[in-house]
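**Q** One structure coming up, written as structure tokens, with questions to follow.
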Amino acid sequence: MARLIRKRETLLFLIIVVMIAIFSTRAADFATPENLAGIFNDTSILIILALAQMTVILTKSIDLSVAANLAFTGMAIAMMNAAYPDLPLVVLILAAIVIGACLGAINGFLVWALEIPPIVVTLGTLTIYRGMAFVLSGGAWVNAHQMTPVFLSVPRTPILGLPVLGWVGIIIVLLMYVLLRYTQFGRSAYATGGNPTAAVYAGIDTGWTKFLAFVLSGALAGLASYLWVSRYAVAYVDIANGFELDSVAACVIGGISIAGGVGSVAGTVLGALFLGVIKNALPVIGISPFTQMAISGTVIILAVAFNARRERNRGRIILRDRAPAEIRTEAAA
């Protein structure tokens, strides 16, 4: 039991359960299945962005433009829907994914080909993409009455008690789990962040792996842009402002190492849900928005400190020893 609790994901899950139990003493309906489903639905976009961020962080990079990508792409497809209401929804969603992937590819190219530090690149493109959204829209909003009913209604349609938005979040979680655990790209991402030198000697193109990670991050941000715009029925320049930091926070809380090469999809999802529970609960019990920011910042610092201490104590295992137990025993003797 003690060994199970020491596992990061299990401990984080137990903390979330305890938090829900505590908050339910202040708000009787907080722990009802309907409210918990609503919290998951509200957190689904953050989960998708956090998984996008995780993919980049695993390669020892960071994408601070992920929310700006969402803002520009969301504005673009909202304007497309308003200008061409006969366009099928699937075309708009594919356009959002492609636009987001292209913006991610710009980040990846600058990091890969020009070898500019990722934090510098994405700080720059964060501003550029927000500015592009303003130029594209002229500073105007796209409101609900300008969008088609299908565009707005699909993510809100309930299936088995959970809106489509929540089901999309679940599907993305499963796809990312398979991608990072069972594919060549996933192994390359972990190796690139865990030990770039060893990865090169193993035949992995670390630059190309980082490029693909940024493209995938951008594609997920593009998908999230449609979900955001349709969920809140509005598109404007500052949508998702600050979500780049929330996505990093979810990763850090979930045990993703900023140094790269360490972390899991489950941890990232639980980190996002941790933030989602806090953001939904604190207003209910009367905590001001400024105090909420202070609490979130404190949690992030504690999580980073916990991660750093764990890595110092346990070391960073890049290649696990797969020798039979009897051989290891004889070597030790």
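Each chain of the structure tokens is named A, B, ... in the order shown, its residues numbered from 1; ligands are numbered from 1 in display order.
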Report as a list in words all protein, DNA and RNA residues lying within 8 Å of Asn107 (chain A), evaluated on only C-alpha atoms, omitting residues in the same chain fewer than 4 positions from it.
**A**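 Result of the neighbour search: Leu103, Val111, Pro118, Val121, Thr122, Thr125, Phe211 and Phe214 of chain A.
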**Q** Skip region 137-142 of chain A itself and residues of its chain fewer than 6 positions away, then list as a ChimeraX atom specification all residues within 9 Å of it, counting only C-alpha atoms.
**A** /A:75-76,78-79,82,233-237
**Q** Which of these residues is nearest to Asp86 (chain A), using only C-alpha atoms: A:Thr127, A:Thr25, A:Gln292, A:Thr148?
**A**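 Looking at the shortest contact to Asp86 (chain A), the residue is A:Thr148.
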**Q** Please report as JSON lines every residue of region 84-141 of chain A lying within 12 Å of region 154-172 of chain A, along with the nearest atom pair and their distance in Å (one decimal), using only C-alpha atoms.
**A**
```
{"residue": "A:Leu89", "atom": "CA", "partner": "A:Val154", "partner_atom": "CA", "distance": 9.2}
{"residue": "A:Val90", "atom": "CA", "partner": "A:Val154", "partner_atom": "CA", "distance": 11.0}
{"residue": "A:Ile93", "atom": "CA", "partner": "A:Val154", "partner_atom": "CA", "distance": 11.5}
```
**Q** List the neighbours of Leu223 (chain A) out to 10 Å using only C-alpha atoms; skip same-chain residues closer than 5 positions along the sequence, and give me the result as a ChimeraX atom specification.
**A** /A:45,48-49,70,73-74,92-101,168,218,228
**Q** Smallest atom-to-atom distance to Asp238 (chain A): which of A:Gly131, A:Gly271, A:Gly207, A:Pro117, using only C-alpha atoms?
**A**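 Comparing A:Gly131, A:Gly271, A:Gly207, A:Pro117 against Asp238 (chain A), the winner is A:Gly131.
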**Q** Distance CA of Gly108 (chain A)-CA of Met80 (chain A), one decimal place?
**A**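 The value is 26.4 Å.
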**Q** Enumerate, as a count of residues only, the complete set of residues in region 158-244 of chain A that a backbone-based DSSP assignment places in alpha helix (DSSP H).
**A** 65
**Q** Just the number, please: distance in Å from CA of Ser230 (chain A) to CA of His145 (chain A), one decimal.
**A**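 That distance, rounded to one decimal, is 11.8 Å.
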**Q** Please provide as a ChimeraX atom specification all residues within 10 Å of Leu123 (chain A), with the sequence filter that same-chain residues fewer than 4 positions apart are discarded (counting only C-alpha atoms).
**A** /A:62-65,118-119,127-128
**Q** For the selection just defined, write its residues with all heavy atoms to a file, as an mmCIF file, in the first residue's frame.
**A**
```cif
data_model
loop_
_atom_site.group_PDB
_atom_site.id
_atom_site.type_symbol
_atom_site.label_atom_id
_atom_site.label_comp_id
_atom_site.auth_asym_id
_atom_site.auth_seq_id
_atom_site.Cartn_x
_atom_site.Cartn_y
_atom_site.Cartn_z
ATOM 1 N N ILE A 62 9.543 23.731 -24.663
ATOM 2 C CA ILE A 62 8.331 24.282 -24.069
ATOM 3 C C ILE A 62 7.605 25.089 -25.136
ATOM 4 O O ILE A 62 8.242 25.650 -26.042
ATOM 5 C CB ILE A 62 8.651 25.170 -22.841
ATOM 6 C CG1 ILE A 62 7.403 25.443 -22.009
ATOM 7 C CG2 ILE A 62 9.336 26.472 -23.254
ATOM 8 C CD1 ILE A 62 7.683 26.027 -20.645
ATOM 9 N N ASP A 63 6.287 25.121 -25.071
ATOM 10 C CA ASP A 63 5.480 25.852 -26.055
ATOM 11 C C ASP A 63 4.606 26.879 -25.335
ATOM 12 O O ASP A 63 3.502 26.560 -24.889
ATOM 13 C CB ASP A 63 4.616 24.883 -26.855
ATOM 14 C CG ASP A 63 3.894 25.574 -28.007
ATOM 15 O OD1 ASP A 63 4.046 26.806 -28.142
ATOM 16 O OD2 ASP A 63 3.180 24.883 -28.765
ATOM 17 N N LEU A 64 5.115 28.089 -25.235
ATOM 18 C CA LEU A 64 4.367 29.153 -24.573
ATOM 19 C C LEU A 64 3.355 29.813 -25.507
ATOM 20 O O LEU A 64 2.611 30.686 -25.081
ATOM 21 C CB LEU A 64 5.334 30.214 -24.034
ATOM 22 C CG LEU A 64 6.316 29.738 -22.957
ATOM 23 C CD1 LEU A 64 7.224 30.884 -22.516
ATOM 24 C CD2 LEU A 64 5.572 29.162 -21.763
ATOM 25 N N SER A 65 3.325 29.378 -26.769
ATOM 26 C CA SER A 65 2.396 29.981 -27.733
ATOM 27 C C SER A 65 1.138 29.150 -27.922
ATOM 28 O O SER A 65 0.314 29.459 -28.783
ATOM 29 C CB SER A 65 3.091 30.150 -29.092
ATOM 30 O OG SER A 65 3.353 28.889 -29.697
ATOM 31 N N PRO A 118 13.747 27.085 -27.421
ATOM 32 C CA PRO A 118 12.279 27.022 -27.529
ATOM 33 C C PRO A 118 11.564 28.113 -26.751
ATOM 34 O O PRO A 118 10.541 28.635 -27.216
ATOM 35 C CB PRO A 118 11.944 25.638 -26.958
ATOM 36 C CG PRO A 118 13.186 24.843 -27.144
ATOM 37 C CD PRO A 118 14.327 25.795 -26.999
ATOM 38 N N ILE A 119 12.065 28.480 -25.571
ATOM 39 C CA ILE A 119 11.377 29.499 -24.781
ATOM 40 C C ILE A 119 11.410 30.844 -25.487
ATOM 41 O O ILE A 119 10.448 31.627 -25.429
ATOM 42 C CB ILE A 119 11.973 29.590 -23.359
ATOM 43 C CG1 ILE A 119 11.064 30.440 -22.470
ATOM 44 C CG2 ILE A 119 13.397 30.132 -23.384
ATOM 45 C CD1 ILE A 119 11.433 30.388 -21.004
ATOM 46 N N THR A 127 3.309 36.366 -28.964
ATOM 47 C CA THR A 127 2.907 37.731 -29.288
ATOM 48 C C THR A 127 2.464 37.852 -30.744
ATOM 49 O O THR A 127 1.476 38.530 -31.055
ATOM 50 C CB THR A 127 4.065 38.699 -29.019
ATOM 51 O OG1 THR A 127 4.519 38.535 -27.676
ATOM 52 C CG2 THR A 127 3.629 40.142 -29.228
ATOM 53 N N ILE A 128 3.192 37.183 -31.634
ATOM 54 C CA ILE A 128 2.883 37.259 -33.059
ATOM 55 C C ILE A 128 1.495 36.687 -33.343
ATOM 56 O O ILE A 128 0.683 37.297 -34.057
ATOM 57 C CB ILE A 128 3.946 36.519 -33.885
ATOM 58 C CG1 ILE A 128 5.288 37.253 -33.807
ATOM 59 C CG2 ILE A 128 3.502 36.374 -35.340
ATOM 60 C CD1 ILE A 128 6.440 36.488 -34.419
#
```
**Q** Which residue, A:Gly242, A:Pro85, A:Pro149, A:Gly194, has the smallest gap to Met293 (chain A) when you use only C-alpha atoms?
**A**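 Under the stated criterion, the closest residue is A:Gly242.
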**Q** Please report the interatomic distance between CA of Ile285 (chain A) and CA of Ile39 (chain A) in Å with one decimal.
**A**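 Spanning CA of Ile285 (chain A) to CA of Ile39 (chain A) is a straight-line distance of 15.5 Å.
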**Q** Point out the residue among A:Leu180, A:Ile301, A:Leu152, A:Val284 with the least atom-to-atom distance to Val248 (chain A), counting only C-alpha atoms.
**A** A:Ile301
